[in-house]
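Peer 1: Attaching a single structure in structure tokens format; questions to follow.
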Amino acid sequence: MRSGAKIGIITGVSIAVLAGGGYGVYSLVSGSDGPGAKKPRTVVAEPPSAEQAAAGLKDFLAAWSAGDIAKAASLTDDPAAATTALTAFRDQVKPSALTLTPFGPTTQQVFSAATGTPAPAAKPSAAASATPGATDAPGGDSPSPSATPGPTGTLMSYKARAEFAGTNRAWDYQGFLGVVKMSDNTPAVHWAPSVIHPHLSGNETIAVQPVYAPPSTVVDRNGKPVQGASLTPALISTLQENANKLLPPDPAKEQDAGSAVVITDPAGKGAQDKLFTIVEPKPGKPFKVTIDNTLQAAAEKAMTDLGGKPGSIVAIEPSTGQVLAFANSPANGQNRAFTGLLAPGSTMKIVTSAALLEAGINPDSVVACPEKSGNAHPIPNSFPGAFPNNTLQQDFMMSCNTAFINQGLASLKPETLSGTAKDVFGIGLEWKTGLPNADGKVPATPGSKDEQAMNYIGQGKVQMNPLAIASVTATVQNGEFKQPVLVAELPQQKAARPLSPDVAAKLKAMMAATATGGTAKDVMAGITDNAGAKTGSAEVAGVDVTNSWFTAYRGNIAVASEVQGGGHGVDAAGPAVAAILKAAGSR
């Protein structure tokens, strides 16, 4: 999206519309106090007469429509800001002709009806000396037409008609401005961005920009119209808008573009306000996303089968990072699959295991599994008994909290876990997936040994969502992080380094063993060929039932799910993940 020049930076101060026509007095220029110094020209408290207001409106519009920006700006109470804004309008909107016709006095109600801004309540008169830089007046920052400030002074209106080269279309709109009285007994237009157009605010730009017709249809990776209750129209619209911003220029697409006068927020926080279409764009082509309808249907059903429990699920293609499916329960609520942030429980042990393997601990290394961990505030397991002769792989298979805590505290530096999460698994790299997403969080410097201990088992201050955990599992399957995307051509962040072949092979073996003989074996029954899994349950303070987490891969697909209040990983999230893996087959 192209952006124009910034419009209407107010360098002086504004005054509020007051009951009874009173105005605060302020100076336009600073002057010397010495003898013979030129007295600053100021706005006075007395309102302009009807004749003065009409003359101020007429003279300003005549100069602006004639293209005499210097003269038009000199007829305002802020020539510098007016020059900047009027020049930007000329250069960025580029009308071939501009006709401006005075209408005369109007009311705040008329202005409000034109902009959607509530008419301001009358204020008590207060003539006070203003301070340069004050921002209590109309014309301040506003990201949308609904917050457009009203003009200041005697409110006047005008009719604008802008013509453009190469088309017989003309843009007609009603404009508004305020006229104030100056200390030299002359009228001046009170400058605000809304003088140019009533929807324009100080932090926005107005320019002619390329516009595109909406896609004729949105299709999945196989060219079929996308289907799924979680793929809401709002999410699809957001995805299209973001893709247009993030995708590299496409010459063929540019040939299909039309053009329009558009108001935008340079910070990208507000929606575009398309004021007038100059040239209609050519009909849109299908918009292809990475979703697989078959897997999307399985994901939607898995969420429906939760019986109303909040949850979400994501499926990713490890070799590309393309998102194959995502669904939420409820389908029309928060896209928690991408934007939720919850403790991931023992699914985080995949990342902790990678860090331990890189530190020299092997799957067959003896890592005892005591009943409680050795940190200051001991943490138990979710099962009774101690297993002093366990190996790291056995600890992973049975999800032993105490083993991972004790070995993590002994072998890893406090910052190692977050470093591995970011450098290998891409957690915290500010992904641009095409939809808003919350980056996973792993504290770089835990506040205490107890917090560090909790982080190793996916509690404490670690926060994830199914998108992040599915990507972690996809990285294990592929050996290298591929940032998730919903449109194949979107740019992807790269992690600092891949898993070494040795560590990748060991991690896959540990996850495979968990799928065939560990906590995931019942859920993964029948889908263990070229597959691996990890269960998780996350405790929440004050809640008796844990959140259920489960992640697994099979062939070139990785899936993760969370179910709030779902219990153990195999109770709720596990069956949801298995349903997608079964629908995918051995692809």
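Ordered as shown in the structure tokens, chains take letters A, B, and onward, while each chain numbers its residues from 1 and ligands are numbered from 1 in the order shown.
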What are the DSSP helix (DSSP H, G or I) residues of range 148-254 of chain A, as number ranges by chain?

Peer 2: A: 193-195, 233-246, 251-254

Peer 1: Identify which of the residues A:Asp78, A:Pro95, A:Gly566, A:Thr154 lies closest to Ala66 in chain A, counting only C-alpha atoms when measuring atom-to-atom distances.

Peer 2: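 Among the listed residues, A:Pro95 lies closest to Ala66 in chain A.
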
Peer 1: Quick one: residues within 7 Å of range 377-389 of chain A, only C-alpha atoms counted, chain neighbours fewer than 5 positions away excluded, as number ranges by chain?

Peer 2: A: 366, 368-372, 400-402, 450

Peer 1: If we count only C-alpha atoms and set the cut-off at 9 Å, which residues sit around Gly428 in chain A, ignoring sequence neighbours fewer than 3 positions away in its own chain? Please answer as a PyMOL selection string.

Peer 2: chain A and resi 421-422+431+439-442

Peer 1: Which is closest to Pro286 in chain A among A:Pro266, A:Pro215, A:Gly258, A:Pro318, if we use only C-alpha atoms?

Peer 2: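 Using only C-alpha atoms, the shortest distance to Pro286 in chain A belongs to A:Pro215.
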
Peer 1: Hey, which of A:Ser96, A:Thr42, A:Thr420, A:Ser548 ends up closest to Gly311 in chain A? Count only C-alpha atoms.

Peer 2: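 For Gly311 in chain A, the nearest of the given residues is A:Ser548.
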
Peer 1: Just to confirm, what's the straight-line distance from CA of Asp172 in chain A to CA of Ala160 in chain A in Å (one decimal)?

Peer 2: 5.6 Å

Peer 1: Smallest atom-to-atom distance to Ala444 in chain A: which of A:Glu415, A:Ala343, A:Pro214, A:Gly460, using only C-alpha atoms?

Peer 2: A:Glu415

Peer 1: Rounded to one decimal in Å, what is the spacing between CA of Ala558 in chain A and CA of Lys224 in chain A?

Peer 2: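 Spanning CA of Ala558 in chain A to CA of Lys224 in chain A is a straight-line distance of 22.5 Å.
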
Peer 1: Write out as a list in words each polymer residue whose atoms come within 7 Å of Trp191 in chain A, counting only C-alpha atoms; drop sequence neighbours fewer than 5 positions from it.

Peer 2: Thr76, Asp77, Asp78 and Ala82 of chain A

Peer 1: Generate the output file for the selected residues, C-alpha atoms, as a PDB file, in the first residue's frame.

Peer 2:
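Listed below is the output, result_29.pdb:
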```pdb
ATOM      1  CA  THR A  76      -5.155  31.012   7.437  1.00  0.00           C
ATOM      2  CA  ASP A  77      -4.095  31.306  11.053  1.00  0.00           C
ATOM      3  CA  ASP A  78      -1.258  28.795  10.494  1.00  0.00           C
ATOM      4  CA  ALA A  82      -1.525  25.045   5.668  1.00  0.00           C
TER       5      ALA A  82
END
```

Peer 1: Check range 359-543 of chain A with DSSP on the backbone and list each residue it calls strand (DSSP E), as a PyMOL selection string.

Peer 2: chain A and resi 531-538

Peer 1: Could you write out that same residue set with C-alpha atoms as a PDB file, in the first residue's frame?

Peer 2:
```pdb
ATOM      1  CA  ALA A 531       4.977 -40.208  13.706  1.00  0.00           C
ATOM      2  CA  GLY A 532       5.764 -38.694  17.085  1.00  0.00           C
ATOM      3  CA  ALA A 533       3.825 -37.004  19.864  1.00  0.00           C
ATOM      4  CA  LYS A 534       3.936 -35.202  23.193  1.00  0.00           C
ATOM      5  CA  THR A 535       1.196 -34.770  25.769  1.00  0.00           C
ATOM      6  CA  GLY A 536       0.749 -31.828  28.083  1.00  0.00           C
ATOM      7  CA  SER A 537      -1.464 -30.607  30.872  1.00  0.00           C
ATOM      8  CA  ALA A 538      -1.130 -27.116  32.294  1.00  0.00           C
TER       9      ALA A 538
END
```

Peer 1: Report as a list in words all protein, DNA and RNA residues lying within 6 Å of range 193-195 of chain A, evaluated on only C-alpha atoms, omitting residues in the same chain fewer than 3 positions from it.

Peer 2: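 So the residues in contact are Gly8, Phe176, Leu177, Pro198, Leu200, Ser201 and Gly202 of chain A.
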